[in-house]
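Reproduced below: query37.tsv, with TSV, C-alpha atoms.
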chain	number	residue	atom	x	y	z
G	1	MET	CA	0.00	0.00	0.00
G	2	SER	CA	1.36	3.39	-0.95
G	3	VAL	CA	0.07	6.94	-0.96
G	4	THR	CA	0.37	9.65	-3.57
G	5	THR	CA	2.83	12.27	-2.38
G	6	SER	CA	5.07	14.92	-3.86
G	7	PRO	CA	8.25	13.37	-5.30
G	8	PHE	CA	10.31	16.15	-3.69
G	9	GLY	CA	11.03	15.21	-0.11
G	10	TYR	CA	13.95	16.98	1.46
G	11	PRO	CA	14.20	18.65	3.88
G	12	ARG	CA	10.46	18.37	4.50
G	13	ALA	CA	10.76	14.60	4.95
G	14	LEU	CA	12.61	15.31	8.20
G	15	PHE	CA	11.37	18.62	9.52
G	16	ASP	CA	7.66	18.68	8.66
G	17	PRO	CA	5.76	16.92	11.49
G	18	THR	CA	2.84	16.24	9.12
G	19	TYR	CA	5.03	14.60	6.45
G	20	ILE	CA	3.79	11.24	5.21
G	21	PRO	CA	6.30	8.94	3.45
G	22	PRO	CA	5.24	7.52	0.08
G	23	THR	CA	5.34	4.01	1.55
G	24	LEU	CA	4.88	3.11	5.20
G	25	LEU	CA	7.36	0.33	5.84
G	26	HIS	CA	6.76	-2.73	8.00
G	27	ARG	CA	3.15	-1.95	8.92
G	28	THR	CA	1.45	-3.89	6.12
G	29	LYS	CA	-0.40	-6.30	8.43
G	30	GLU	CA	-1.79	-3.48	10.59
G	31	LEU	CA	-2.78	-1.40	7.56
G	32	LYS	CA	-4.63	-4.32	5.99
G	33	SER	CA	-6.57	-4.97	9.18
G	34	LEU	CA	-7.81	-1.38	9.36
G	35	TRP	CA	-8.33	-1.20	5.62
G	36	HIS	CA	-10.77	-4.12	5.50
G	37	LEU	CA	-12.72	-2.61	8.38
G	38	PHE	CA	-13.00	0.92	7.01
G	39	GLN	CA	-13.45	-0.13	3.40
G	40	SER	CA	-16.65	-1.87	4.38
G	41	SER	CA	-17.79	0.94	6.66
G	42	LEU	CA	-17.43	3.59	3.94
G	43	ASN	CA	-19.46	1.64	1.40
G	44	PRO	CA	-22.27	4.11	0.49
G	45	ALA	CA	-24.78	1.29	0.26
G	46	ASP	CA	-24.04	0.03	3.73
G	47	PHE	CA	-22.36	2.79	5.72
G	48	PHE	CA	-21.65	2.25	9.40
G	49	ASN	CA	-19.34	4.01	11.82
G	50	VAL	CA	-16.15	2.41	13.14
G	51	ASN	CA	-14.35	3.28	16.36
G	52	THR	CA	-10.72	2.23	16.72
G	53	TYR	CA	-8.10	2.71	19.44
G	54	ILE	CA	-4.43	2.60	18.42
G	55	ASP	CA	-1.88	2.39	21.22
G	56	GLY	CA	1.89	2.02	21.46
G	57	ILE	CA	4.88	3.58	23.18
G	58	HIS	CA	5.79	7.20	22.57
G	59	GLY	CA	7.65	7.65	19.28
G	60	VAL	CA	6.70	4.30	17.73
G	61	GLY	CA	4.94	6.02	14.81
G	62	LYS	CA	1.26	5.93	15.75
G	63	THR	CA	0.45	9.37	14.30
G	64	VAL	CA	2.33	8.75	11.04
G	65	PHE	CA	0.62	5.38	10.75
G	66	THR	CA	-2.83	6.95	11.18
G	67	ARG	CA	-2.19	9.85	8.80
G	68	TYR	CA	-0.89	7.41	6.21
G	69	PHE	CA	-3.94	5.19	6.59
G	70	VAL	CA	-6.39	8.09	6.25
G	71	THR	CA	-4.53	9.23	3.12
G	72	LEU	CA	-5.02	5.74	1.68
G	73	LEU	CA	-8.75	6.07	2.36
G	74	LYS	CA	-8.83	9.47	0.66
G	75	ASN	CA	-7.15	8.07	-2.44
G	76	LYS	CA	-9.75	5.28	-2.60
G	77	PHE	CA	-12.91	7.12	-1.49
G	78	LYS	CA	-12.33	10.54	-3.02
G	79	GLY	CA	-14.72	13.09	-1.54
G	80	SER	CA	-16.98	10.49	0.05
G	81	PHE	CA	-15.99	11.39	3.60
G	82	THR	CA	-14.43	14.23	5.55
G	83	ASP	CA	-11.76	13.98	8.23
G	84	ILE	CA	-10.46	16.14	11.07
G	85	TYR	CA	-7.25	15.68	13.05
G	86	LEU	CA	-7.32	16.93	16.64
G	87	ASN	CA	-4.33	16.84	19.00
G	88	LEU	CA	-5.92	16.63	22.43
G	89	ALA	CA	-2.63	17.39	24.20
G	90	VAL	CA	-2.60	20.99	22.94
G	91	LYS	CA	-5.61	22.46	24.75
G	92	SER	CA	-8.13	21.71	27.48
G	93	PRO	CA	-11.09	19.42	26.61
G	94	ASN	CA	-13.47	22.40	26.29
G	95	GLU	CA	-11.06	24.35	24.10
G	96	ASN	CA	-10.41	21.27	21.94
G	97	LEU	CA	-14.15	20.89	21.45
G	98	ARG	CA	-14.41	24.51	20.35
G	99	LEU	CA	-11.52	24.09	17.90
G	100	PHE	CA	-13.10	20.93	16.51
G	101	VAL	CA	-16.55	22.49	15.98
G	102	GLU	CA	-14.98	25.58	14.44
G	103	GLU	CA	-12.96	23.49	11.97
G	104	TYR	CA	-15.96	21.37	11.08
G	105	SER	CA	-18.01	24.50	10.49
G	106	GLN	CA	-15.41	25.65	7.99
G	107	LEU	CA	-15.38	22.26	6.27
G	108	THR	CA	-19.15	22.44	5.80
G	109	SER	CA	-19.02	26.11	4.73
G	110	ARG	CA	-21.00	27.22	7.74
G	111	GLU	CA	-20.29	30.39	9.65
G	112	PHE	CA	-19.01	29.73	13.14
G	113	THR	CA	-19.98	31.95	16.03
G	114	TYR	CA	-18.02	31.67	19.27
G	115	LEU	CA	-20.03	29.66	21.76
G	116	PRO	CA	-18.62	29.68	25.29
G	117	ASN	CA	-21.09	27.10	26.55
G	118	THR	CA	-20.02	23.48	26.06
G	119	GLN	CA	-23.57	22.21	25.70
G	120	ARG	CA	-24.30	24.76	22.98
G	121	LEU	CA	-21.18	23.66	21.14
G	122	TRP	CA	-22.38	20.07	21.19
G	123	SER	CA	-25.85	21.13	20.06
G	124	TYR	CA	-24.38	23.11	17.19
G	125	PHE	CA	-22.24	20.14	16.12
G	126	HIS	CA	-25.32	17.88	16.21
G	127	PHE	CA	-27.11	20.44	14.07
G	128	LEU	CA	-24.30	20.45	11.49
G	129	ARG	CA	-24.12	16.66	11.33
G	130	ASN	CA	-27.88	16.36	10.83
G	131	LYS	CA	-27.53	18.54	7.73
G	132	THR	CA	-25.35	16.03	5.88
G	133	ASP	CA	-25.02	12.33	5.16
G	134	ILE	CA	-21.29	12.51	4.46
G	135	PRO	CA	-19.34	10.33	6.95
G	136	LEU	CA	-16.83	12.03	9.20
G	137	ILE	CA	-13.60	10.44	10.44
G	138	LEU	CA	-12.21	12.07	13.57
G	139	ILE	CA	-8.58	11.40	14.52
G	140	LEU	CA	-8.06	12.06	18.22
G	141	ASP	CA	-4.34	12.13	18.99
G	142	ASN	CA	-2.85	11.82	22.47
G	143	VAL	CA	-5.95	10.46	24.16
G	144	ASP	CA	-5.31	10.13	27.88
G	145	ARG	CA	-7.12	10.41	31.19
G	146	ALA	CA	-6.85	14.21	31.24
G	147	ASN	CA	-9.05	14.47	28.15
G	148	GLN	CA	-10.99	11.24	28.57
G	149	SER	CA	-14.26	13.11	29.15
G	150	LEU	CA	-14.13	14.56	25.63
G	151	TYR	CA	-13.20	11.20	24.11
G	152	ASP	CA	-16.08	9.53	25.97
G	153	LYS	CA	-18.49	12.16	24.68
G	154	PHE	CA	-17.44	11.65	21.08
G	155	ILE	CA	-17.57	7.87	21.26
G	156	ARG	CA	-20.94	7.83	23.03
G	157	TYR	CA	-22.67	9.69	20.18
G	158	SER	CA	-20.51	8.40	17.34
G	159	LYS	CA	-23.17	6.14	15.84
G	160	ASP	CA	-25.92	8.78	15.87
G	161	LEU	CA	-23.58	11.36	14.37
G	162	LYS	CA	-22.21	9.07	11.60
G	163	LEU	CA	-18.82	9.62	13.16
G	164	SER	CA	-15.90	7.18	13.00
G	165	ILE	CA	-13.18	7.74	15.56
G	166	ILE	CA	-9.52	6.78	15.40
G	167	ALA	CA	-8.07	7.33	18.87
G	168	ILE	CA	-4.29	7.42	19.32
G	169	SER	CA	-2.81	6.87	22.77
G	170	GLN	CA	0.27	5.82	24.69
G	171	ILE	CA	-1.97	4.12	27.23
G	172	PRO	CA	-2.55	0.41	26.47
G	173	PHE	CA	-6.22	-0.17	25.76
G	174	SER	CA	-6.42	-2.80	28.49
G	175	ASP	CA	-5.46	-0.08	30.99
G	176	PHE	CA	-7.53	2.70	29.45
G	177	ARG	CA	-10.81	0.80	29.40
G	178	ARG	CA	-10.65	0.25	33.15
G	179	ASN	CA	-11.44	3.96	33.52
G	180	SER	CA	-13.77	4.17	30.52
G	181	LYS	CA	-16.74	1.82	30.36
G	182	LEU	CA	-17.80	3.62	27.19
G	183	ALA	CA	-14.57	2.58	25.47
G	184	SER	CA	-15.41	-1.08	26.01
G	185	GLN	CA	-19.02	-0.56	25.00
G	186	TYR	CA	-18.54	1.46	21.82
G	187	LEU	CA	-15.08	0.47	20.61
G	188	ASP	CA	-14.96	-1.80	17.59
G	189	PHE	CA	-11.28	-2.42	17.02
G	190	PRO	CA	-8.32	-1.92	19.39
G	191	MET	CA	-4.86	-2.12	17.79
G	192	HIS	CA	-1.43	-2.21	19.41
G	193	LEU	CA	1.59	-1.06	17.39
G	194	GLU	CA	4.63	-3.10	18.38
G	195	ILE	CA	8.12	-1.65	18.37
G	196	TYR	CA	10.12	-2.18	15.19
G	197	SER	CA	12.97	-4.65	14.85
G	198	SER	CA	16.46	-3.32	14.20
G	199	SER	CA	16.31	-4.36	10.55
G	200	ALA	CA	12.97	-2.58	10.17
G	201	LEU	CA	14.39	0.58	11.77
G	202	LEU	CA	17.30	0.40	9.36
G	203	ASP	CA	14.88	0.25	6.41
G	204	ILE	CA	12.93	3.24	7.76
G	205	LEU	CA	16.09	5.30	8.23
G	206	THR	CA	17.38	4.37	4.80
G	207	GLN	CA	14.08	5.49	3.28
G	208	ARG	CA	14.11	8.86	5.08
G	209	ILE	CA	17.72	9.46	4.10
G	210	SER	CA	16.86	8.84	0.44
G	211	LEU	CA	13.92	11.24	0.75
G	212	ALA	CA	15.67	13.96	2.73
G	213	PHE	CA	19.43	13.97	2.30
G	214	PRO	CA	21.22	15.38	-0.75
G	215	THR	CA	23.66	12.43	-0.57
G	216	ASN	CA	23.44	8.97	0.93
G	217	LEU	CA	25.07	8.10	4.25
G	218	ASP	CA	27.51	5.28	4.74
G	219	THR	CA	25.48	2.18	5.64
G	220	ASN	CA	27.57	1.65	8.78
G	221	PHE	CA	26.64	5.12	10.03
G	222	THR	CA	22.96	4.35	9.54
G	223	LYS	CA	23.37	1.07	11.40
G	224	TYR	CA	25.25	2.92	14.15
G	225	ILE	CA	22.26	5.23	14.70
G	226	VAL	CA	19.92	2.23	14.84
G	227	ASP	CA	22.18	0.43	17.31
G	228	ILE	CA	22.30	3.44	19.63
G	229	VAL	CA	18.52	3.84	19.54
G	230	ALA	CA	17.94	0.11	19.99
G	231	GLN	CA	20.30	0.01	22.96
G	232	PHE	CA	19.20	3.18	24.74
G	233	ASP	CA	15.76	4.27	23.51
G	234	LEU	CA	13.45	1.28	22.97
G	235	TYR	CA	13.79	1.12	19.19
G	236	ARG	CA	11.87	4.38	18.70
G	237	PRO	CA	11.78	5.48	15.04
G	238	SER	CA	11.13	9.06	16.17
G	239	THR	CA	14.54	9.16	17.87
G	240	CYS	CA	16.16	7.83	14.69
G	241	ILE	CA	14.56	10.69	12.75
G	242	ASN	CA	15.83	13.14	15.38
G	243	PHE	CA	19.35	11.82	14.77
G	244	LEU	CA	18.93	12.56	11.08
G	245	LYS	CA	17.71	16.08	11.87
G	246	ALA	CA	20.80	16.67	14.00
G	247	ILE	CA	23.25	15.66	11.27
G	248	TYR	CA	21.30	16.95	8.27
G	249	GLN	CA	22.83	20.42	8.35
G	250	HIS	CA	26.32	18.92	8.17
G	251	SER	CA	25.41	16.80	5.16
G	252	ALA	CA	23.68	19.73	3.44
G	253	ILE	CA	26.89	21.79	3.42
G	254	GLY	CA	29.03	18.87	2.31
G	255	ARG	CA	30.64	18.12	5.66
G	256	ASP	CA	31.66	14.51	6.23
G	257	ILE	CA	29.45	12.47	8.52
G	258	ASN	CA	31.48	10.39	10.97
G	259	PRO	CA	30.95	8.40	14.18
G	260	SER	CA	32.09	11.33	16.31
G	261	LEU	CA	29.32	13.52	14.91
G	262	ILE	CA	26.74	10.82	15.61
G	263	ARG	CA	28.06	10.34	19.15
G	264	ASP	CA	27.83	14.08	19.78
G	265	ALA	CA	24.22	14.10	18.57
G	266	SER	CA	23.39	11.15	20.81
G	267	MET	CA	24.30	13.16	23.93
G	268	ASP	CA	21.10	15.20	23.55
G	269	LEU	CA	18.86	12.43	22.24
G	270	VAL	CA	19.33	9.36	24.43
G	271	GLU	CA	20.36	8.59	27.99
G	272	PHE	CA	23.54	6.64	28.60
G	273	PRO	CA	26.62	6.87	30.89
G	274	SER	CA	28.20	10.29	30.48
G	275	GLN	CA	31.27	10.42	28.29
G	276	GLY	CA	32.76	12.97	30.67
G	277	ASP	CA	32.47	10.72	33.72
G	278	LEU	CA	35.02	8.03	32.89
G	279	LYS	CA	36.27	7.69	36.44
G	280	CYS	CA	33.28	5.64	37.50
G	281	ILE	CA	34.00	2.98	34.88
G	282	LEU	CA	37.79	3.14	35.00
G	283	GLU	CA	38.45	1.83	38.49
G	284	PHE	CA	41.10	-0.89	38.42
G	285	ASP	CA	42.92	-2.78	41.09
G	286	ASP	CA	46.44	-4.24	40.83
G	287	SER	CA	45.42	-7.74	39.82
G	288	PRO	CA	47.07	-9.17	36.67
G	289	ILE	CA	43.82	-9.32	34.74
G	290	ASP	CA	43.17	-5.60	35.23
G	291	LEU	CA	46.73	-4.58	34.38
G	292	PHE	CA	46.40	-6.58	31.18
G	293	TYR	CA	43.04	-4.96	30.54
G	294	LEU	CA	44.54	-1.46	30.17
G	295	PRO	CA	46.68	-2.01	27.05
G	296	LEU	CA	43.82	-3.90	25.42
G	297	LEU	CA	41.49	-0.99	26.19
G	298	GLU	CA	44.05	1.42	24.72
G	299	LYS	CA	44.23	-0.55	21.47
G	300	LEU	CA	40.47	-0.58	21.32
G	301	ALA	CA	40.35	3.21	21.73
G	302	ILE	CA	42.96	3.64	18.98
G	303	TYR	CA	40.94	1.39	16.70
G	304	PHE	CA	37.72	3.39	17.14
G	305	ASN	CA	39.54	6.72	16.98
G	306	ASN	CA	39.82	6.02	13.26
G	307	HIS	CA	36.60	7.44	11.80
G	308	SER	CA	36.41	4.66	9.23
G	309	ASN	CA	35.98	2.12	12.03
G	310	VAL	CA	32.40	2.15	13.25
G	311	TYR	CA	32.26	-1.49	14.32
G	312	ILE	CA	34.73	-4.14	15.40
G	313	SER	CA	34.04	-7.79	14.74
G	314	PHE	CA	34.55	-10.61	17.20
G	315	LYS	CA	37.53	-11.82	15.15
G	316	GLU	CA	39.10	-8.36	15.01
G	317	LEU	CA	38.67	-7.95	18.74
G	318	PHE	CA	40.30	-11.31	19.35
G	319	GLN	CA	43.19	-10.21	17.13
G	320	LEU	CA	43.73	-7.13	19.31
G	321	TYR	CA	43.75	-9.41	22.31
G	322	ARG	CA	46.40	-11.67	20.73
G	323	ILE	CA	48.59	-8.70	19.81
G	324	THR	CA	48.42	-7.50	23.41
G	325	CYS	CA	49.39	-10.94	24.66
G	326	ASP	CA	52.36	-11.09	22.29
G	327	GLU	CA	53.56	-7.63	23.34
G	328	LEU	CA	53.44	-8.59	26.99
G	329	GLN	CA	54.83	-12.06	26.28
G	330	LEU	CA	51.85	-13.66	27.95
G	331	PRO	CA	49.91	-16.77	26.92
G	332	TYR	CA	46.44	-16.38	25.58
G	333	ASN	CA	43.36	-18.54	25.36
G	334	GLN	CA	39.72	-18.30	24.38
G	335	ASN	CA	38.37	-18.42	27.93
G	336	GLN	CA	40.52	-15.52	29.07
G	337	PHE	CA	39.52	-13.50	26.02
G	338	GLN	CA	35.85	-14.13	26.75
G	339	LYS	CA	36.36	-12.76	30.26
G	340	PHE	CA	37.85	-9.59	28.80
G	341	LEU	CA	34.99	-9.25	26.34
G	342	ASP	CA	32.42	-9.74	29.10
G	343	LYS	CA	34.16	-7.05	31.15
G	344	LEU	CA	34.23	-4.62	28.21
G	345	LEU	CA	30.50	-5.14	27.74
G	346	CYS	CA	29.73	-4.98	31.45
G	347	ASP	CA	31.77	-1.78	31.95
G	348	GLY	CA	30.09	-0.06	29.02
G	349	PHE	CA	33.16	0.31	26.82
G	350	LEU	CA	31.56	-1.83	24.13
G	351	TYR	CA	27.98	-2.71	23.19
G	352	SER	CA	26.78	-5.61	21.07
G	353	SER	CA	25.48	-4.57	17.68
G	354	GLN	CA	22.18	-5.79	16.27
G	355	PHE	CA	23.98	-6.29	12.96
G	356	GLN	CA	26.73	-8.66	11.94
G	357	LEU	CA	30.01	-7.63	10.34
G	358	ASN	CA	31.23	-10.02	7.66
G	359	ASP	CA	28.98	-12.77	9.06
G	360	ASP	CA	30.50	-12.24	12.51
G	361	ASN	CA	29.20	-10.68	15.73
G	362	SER	CA	30.14	-7.03	15.95
G	363	PHE	CA	30.46	-4.35	18.63
G	364	PHE	CA	30.35	-0.56	18.82
G	365	MET	CA	31.58	2.14	21.18
G	366	ILE	CA	29.67	5.07	22.63
G	367	ILE	CA	32.45	6.63	24.70
G	368	ASP	CA	34.51	9.14	22.71
G	369	PRO	CA	37.65	7.07	21.91
G	370	ASN	CA	39.88	10.16	21.80
G	371	LEU	CA	38.67	11.19	25.25
G	372	LEU	CA	39.31	7.66	26.47
G	373	LEU	CA	42.87	7.73	25.09
G	374	GLU	CA	43.58	11.05	26.82
G	375	TYR	CA	42.21	9.73	30.09
G	376	LEU	CA	44.27	6.53	29.91
G	377	GLU	CA	47.42	8.48	29.11
G	378	ILE	CA	46.96	10.89	32.02
G	379	LYS	CA	45.66	8.40	34.56
G	380	TYR	CA	47.90	5.44	33.79
What's the structure tokens form of this structure?
Amino acid sequence: MSVTTSPFGYPRALFDPTYIPPTLLHRTKELKSLWHLFQSSLNPADFFNVNTYIDGIHGVGKTVFTRYFVTLLKNKFKGSFTDIYLNLAVKSPNENLRLFVEEYSQLTSREFTYLPNTQRLWSYFHFLRNKTDIPLILILDNVDRANQSLYDKFIRYSKDLKLSIIAISQIPFSDFRRNSKLASQYLDFPMHLEIYSSSALLDILTQRISLAFPTNLDTNFTKYIVDIVAQFDLYRPSTCINFLKAIYQHSAIGRDINPSLIRDASMDLVEFPSQGDLKCILEFDDSPIDLFYLPLLEKLAIYFNNHSNVYISFKELFQLYRITCDELQLPYNQNQFQKFLDKLLCDGFLYSSQFQLNDDNSFFMIIDPNLLLEYLEIKY
């Protein structure tokens, strides 16, 4: 399923909050489920209203999903229904109701007069709906308990008003319905949007880059962004897009994109151990294993200080370990190496990547390797 959009994307594909990609990736199953439901409901010969509730974590793409779906409906049922998007988080329930009635008045070419009384607003909306047989789809974004009274009002009279409601919320429906008996009574179709896999996030980022950036990014840099978001921010596509916003200006003026730039952007976008607070993770005693650990850590920092090295494979890491052993004239074995690797992962110097490198497990670094080198040189 794809929508008809302007072929020119950038930089709107990143910075316009209402932007809809030409194809919504990895939501085919969910789109088909809603499509079959609404396609039947909008049949002029057998119209009926449909109330849906779409939930998922913040930033998983619920709003983009809904806008994309409604655009699909518009392409299929041209002019046979009207739609209104209302972000309930912006205003109070009474003010949101006024904004909604005012917008609907404009859609129906009716003059709107300010009505301070909530009941009169509802009466006026009933009056407008009784003047038409055209179905109305209302998208209510950010439904929560603070505006539940307005949502309940809409859903209670949805059938009489030929009104289909698509509610979008961070609250799981199983939790929300405990405080809203009307939701259970009048809701037709709850839908939960799962988080994306790493490979799906990579596809989404690759698509946005092709739509927004004047040049493509190195695939490893795109994977690096996905790995950071997967590790520290619950696989949120919105955070991935925020990474692209942060580095877009550098790409637009022809500046090279490198791991250091991505790490700098991550400081404001995700939460992880501070790069400036290395002391808390660089506490060693005088045991042989820790003394051996330092030169290995130094080689690792040198490796990642090269901007062409975004990942290190298991084999490459083992090679650094062997070189360290040879320099110190110490024996080496697989079990000892595994202990070092476990310590690197436990201490936060390395993180496991969701992607393989040359069919091998790979690892990435978040700490600034140059800062780590300076610290090791001064401290040890």
Test item: residues at most 12 Å from region 296-304 of chain G, all atoms listed in the file, excluding those fewer than 5 positions along its chain, as a ChimeraX atom specification:
/G:258-260,282,289-291,309-313,316-328,337,340-341,343-345,347-350,363-377,380
Please report, as a tab-separated table, each residue of region 141-179 of chain G lying at most 8 Å from region 71-88 of chain G, together with the nearest pair of atoms and the separation in Å rounded to one decimal; use only C-alpha atoms, and order rows by chain and ascending residue number.
residue	atom	partner	partner_atom	distance
G:Asp141	CA	G:Asn87	CA	4.7
G:Asn142	CA	G:Leu88	CA	5.7
G:Val143	CA	G:Leu88	CA	6.4
G:Asn147	CA	G:Leu88	CA	6.9
Nearest to Asp256 (chain G), chosen from G:Ile225, G:Cys240, G:Ile204, G:Leu217, with all atoms listed in the file counted in the distances
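Looking only at the distances to Asp256 (chain G), the closest residue turns out to be G:Leu217.
Separating CA of Tyr114 (chain G) from CA of Ile139 (chain G) is a distance of 22.9 Å.
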Grab the CA of Glu271 (chain G) to CA of Ile57 (chain G) distance for me, in Å with one decimal place.
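Distance reported for this atom pair: 17.0 Å.
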Neighbour list for Ser164 (chain G) as JSON, numbers by chain, cut-off 6 Å, all atoms listed in the file, skip fewer than 2 positions in-chain:
{"G": [49, 50, 51, 137]}
Which protein, DNA or RNA residues are at most 12 Å from (5.6, -6.9, 6.6) in the file's coordinates when you count all atoms listed in the file, listed as a list in words?
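Residues close enough to count: Met1, Leu24, Leu25, His26, Arg27, Thr28, Lys29, Glu30, Leu31, Lys32, Tyr196, Ser197, Ser199, Ala200 and Asp203 of chain G.
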Go ahead and write the selection's residues with C-alpha atoms as a compact mmCIF listing (two decimals), in the coordinates of the input.
# COMPACT_ATOMS: atom_id res chain seq x y z
CA MET G 1 0.00 0.00 0.00
CA LEU G 24 4.88 3.11 5.20
CA LEU G 25 7.36 0.33 5.84
CA HIS G 26 6.76 -2.73 8.00
CA ARG G 27 3.15 -1.95 8.92
CA THR G 28 1.45 -3.89 6.12
CA LYS G 29 -0.40 -6.30 8.43
CA GLU G 30 -1.79 -3.48 10.59
CA LEU G 31 -2.78 -1.40 7.56
CA LYS G 32 -4.63 -4.32 5.99
CA TYR G 196 10.12 -2.18 15.19
CA SER G 197 12.97 -4.65 14.85
CA SER G 199 16.31 -4.36 10.55
CA ALA G 200 12.97 -2.58 10.17
CA ASP G 203 14.88 0.25 6.41
Could you give me, as a list in words, the residues that sit within 9 Å of (-2.2, 2.5, 22.5) in the file's coordinates, counting only C-alpha atoms?
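Protein, DNA and RNA residues close to (-2.2, 2.5, 22.5): Tyr53, Ile54, Asp55, Gly56, Ile57, Lys62, Val143, Ala167, Ile168, Ser169, Gln170, Ile171, Pro172, Phe173, Phe176, Pro190, Met191, His192 and Leu193 of chain G.
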Given all atoms listed in the file as the counted atoms, nearest of G:Val70, G:Leu357, G:Ile155, G:Phe125 to Gln39 (chain G):
G:Val70
Quick one: distance from CA of Asn361 (chain G) to CA of Thr215 (chain G) in Å, one decimal?
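Answer for the CA of Asn361 (chain G) to CA of Thr215 (chain G) separation: 28.8 Å.
Closest approach to Leu37 (chain G) from the set G:Phe69, G:Arg156, G:Leu136, G:Leu14 is made by G:Phe69, with distances taken over only C-alpha atoms.
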Nearest residue to Ser210 (chain G) out of G:Leu163, G:Ile262, G:Leu244, G:Ala45, using all atoms listed in the file?
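Of the candidates, the smallest distance to Ser210 (chain G) is held by G:Leu244.
Using all atoms listed in the file, the smallest distance between any of G:Thr18, G:Asn333, G:Ser184, G:Ser123 and Thr63 (chain G) comes from G:Thr18.
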To box region 346-360 of chain G, take all atoms listed in the file, fit an axis-aligned box, add 8 Å on each side, and give centre and edge lengths in Å to one decimal, as AutoDock Vina command-line options.
--center_x 27.7 --center_y -6.2 --center_z 19.8 --size_x 27.0 --size_y 29.1 --size_z 40.3
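Comparing G:Tyr10, G:Gln354, G:Gln148, G:Leu115 by their smallest distance to Val229 (chain G), the closest is G:Gln354 (using all atoms listed in the file).
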Excluding Ser105 (chain G) and any residue of its chain fewer than 2 positions from it, enumerate the residues within 12 Å of it, using all atoms listed in the file, and give them as a compact mmCIF listing (two decimals) with C-alpha atoms, in the frame of the given file.
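Contents of around-v8.txt, as written:
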# COMPACT_ATOMS: atom_id res chain seq x y z
CA THR G 82 -14.43 14.23 5.55
CA ILE G 84 -10.46 16.14 11.07
CA ARG G 98 -14.41 24.51 20.35
CA LEU G 99 -11.52 24.09 17.90
CA PHE G 100 -13.10 20.93 16.51
CA VAL G 101 -16.55 22.49 15.98
CA GLU G 102 -14.98 25.58 14.44
CA GLU G 103 -12.96 23.49 11.97
CA LEU G 107 -15.38 22.26 6.27
CA THR G 108 -19.15 22.44 5.80
CA SER G 109 -19.02 26.11 4.73
CA ARG G 110 -21.00 27.22 7.74
CA GLU G 111 -20.29 30.39 9.65
CA PHE G 112 -19.01 29.73 13.14
CA THR G 113 -19.98 31.95 16.03
CA TYR G 114 -18.02 31.67 19.27
CA LEU G 121 -21.18 23.66 21.14
CA TYR G 124 -24.38 23.11 17.19
CA PHE G 125 -22.24 20.14 16.12
CA HIS G 126 -25.32 17.88 16.21
CA PHE G 127 -27.11 20.44 14.07
CA LEU G 128 -24.30 20.45 11.49
CA ARG G 129 -24.12 16.66 11.33
CA LYS G 131 -27.53 18.54 7.73
Would you mind putting N, CA and C atoms back on region 196-207 of chain G and writing the result as a PDB file, in the frame of the given file?
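Here's the written file part-v4.pdb:
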ATOM      1  N   TYR G 196       9.495  -1.611  16.383  1.00  0.00           N
ATOM      2  CA  TYR G 196      10.120  -2.180  15.190  1.00  0.00           C
ATOM      3  C   TYR G 196      11.346  -3.012  15.568  1.00  0.00           C
ATOM      4  N   SER G 197      11.699  -3.949  14.708  1.00  0.00           N
ATOM      5  CA  SER G 197      12.970  -4.650  14.850  1.00  0.00           C
ATOM      6  C   SER G 197      14.091  -3.742  14.367  1.00  0.00           C
ATOM      7  N   SER G 198      15.322  -4.124  14.642  1.00  0.00           N
ATOM      8  CA  SER G 198      16.460  -3.320  14.200  1.00  0.00           C
ATOM      9  C   SER G 198      16.532  -3.255  12.672  1.00  0.00           C
ATOM     10  N   SER G 199      16.267  -4.363  12.020  1.00  0.00           N
ATOM     11  CA  SER G 199      16.310  -4.360  10.550  1.00  0.00           C
ATOM     12  C   SER G 199      15.212  -3.471   9.975  1.00  0.00           C
ATOM     13  N   ALA G 200      14.051  -3.453  10.626  1.00  0.00           N
ATOM     14  CA  ALA G 200      12.970  -2.580  10.170  1.00  0.00           C
ATOM     15  C   ALA G 200      13.338  -1.118  10.373  1.00  0.00           C
ATOM     16  N   LEU G 201      13.940  -0.791  11.524  1.00  0.00           N
ATOM     17  CA  LEU G 201      14.390   0.580  11.770  1.00  0.00           C
ATOM     18  C   LEU G 201      15.419   1.006  10.732  1.00  0.00           C
ATOM     19  N   LEU G 202      16.292   0.092  10.371  1.00  0.00           N
ATOM     20  CA  LEU G 202      17.300   0.400   9.360  1.00  0.00           C
ATOM     21  C   LEU G 202      16.635   0.730   8.022  1.00  0.00           C
ATOM     22  N   ASP G 203      15.618  -0.026   7.652  1.00  0.00           N
ATOM     23  CA  ASP G 203      14.880   0.250   6.410  1.00  0.00           C
ATOM     24  C   ASP G 203      14.213   1.625   6.466  1.00  0.00           C
ATOM     25  N   ILE G 204      13.617   1.959   7.612  1.00  0.00           N
ATOM     26  CA  ILE G 204      12.930   3.240   7.760  1.00  0.00           C
ATOM     27  C   ILE G 204      13.924   4.394   7.645  1.00  0.00           C
ATOM     28  N   LEU G 205      15.075   4.257   8.303  1.00  0.00           N
ATOM     29  CA  LEU G 205      16.090   5.300   8.230  1.00  0.00           C
ATOM     30  C   LEU G 205      16.636   5.455   6.811  1.00  0.00           C
ATOM     31  N   THR G 206      16.874   4.324   6.172  1.00  0.00           N
ATOM     32  CA  THR G 206      17.380   4.370   4.800  1.00  0.00           C
ATOM     33  C   THR G 206      16.398   5.072   3.884  1.00  0.00           C
ATOM     34  N   GLN G 207      15.106   4.818   4.088  1.00  0.00           N
ATOM     35  CA  GLN G 207      14.080   5.490   3.280  1.00  0.00           C
ATOM     36  C   GLN G 207      14.087   6.991   3.511  1.00  0.00           C
TER      37      GLN G 207
END
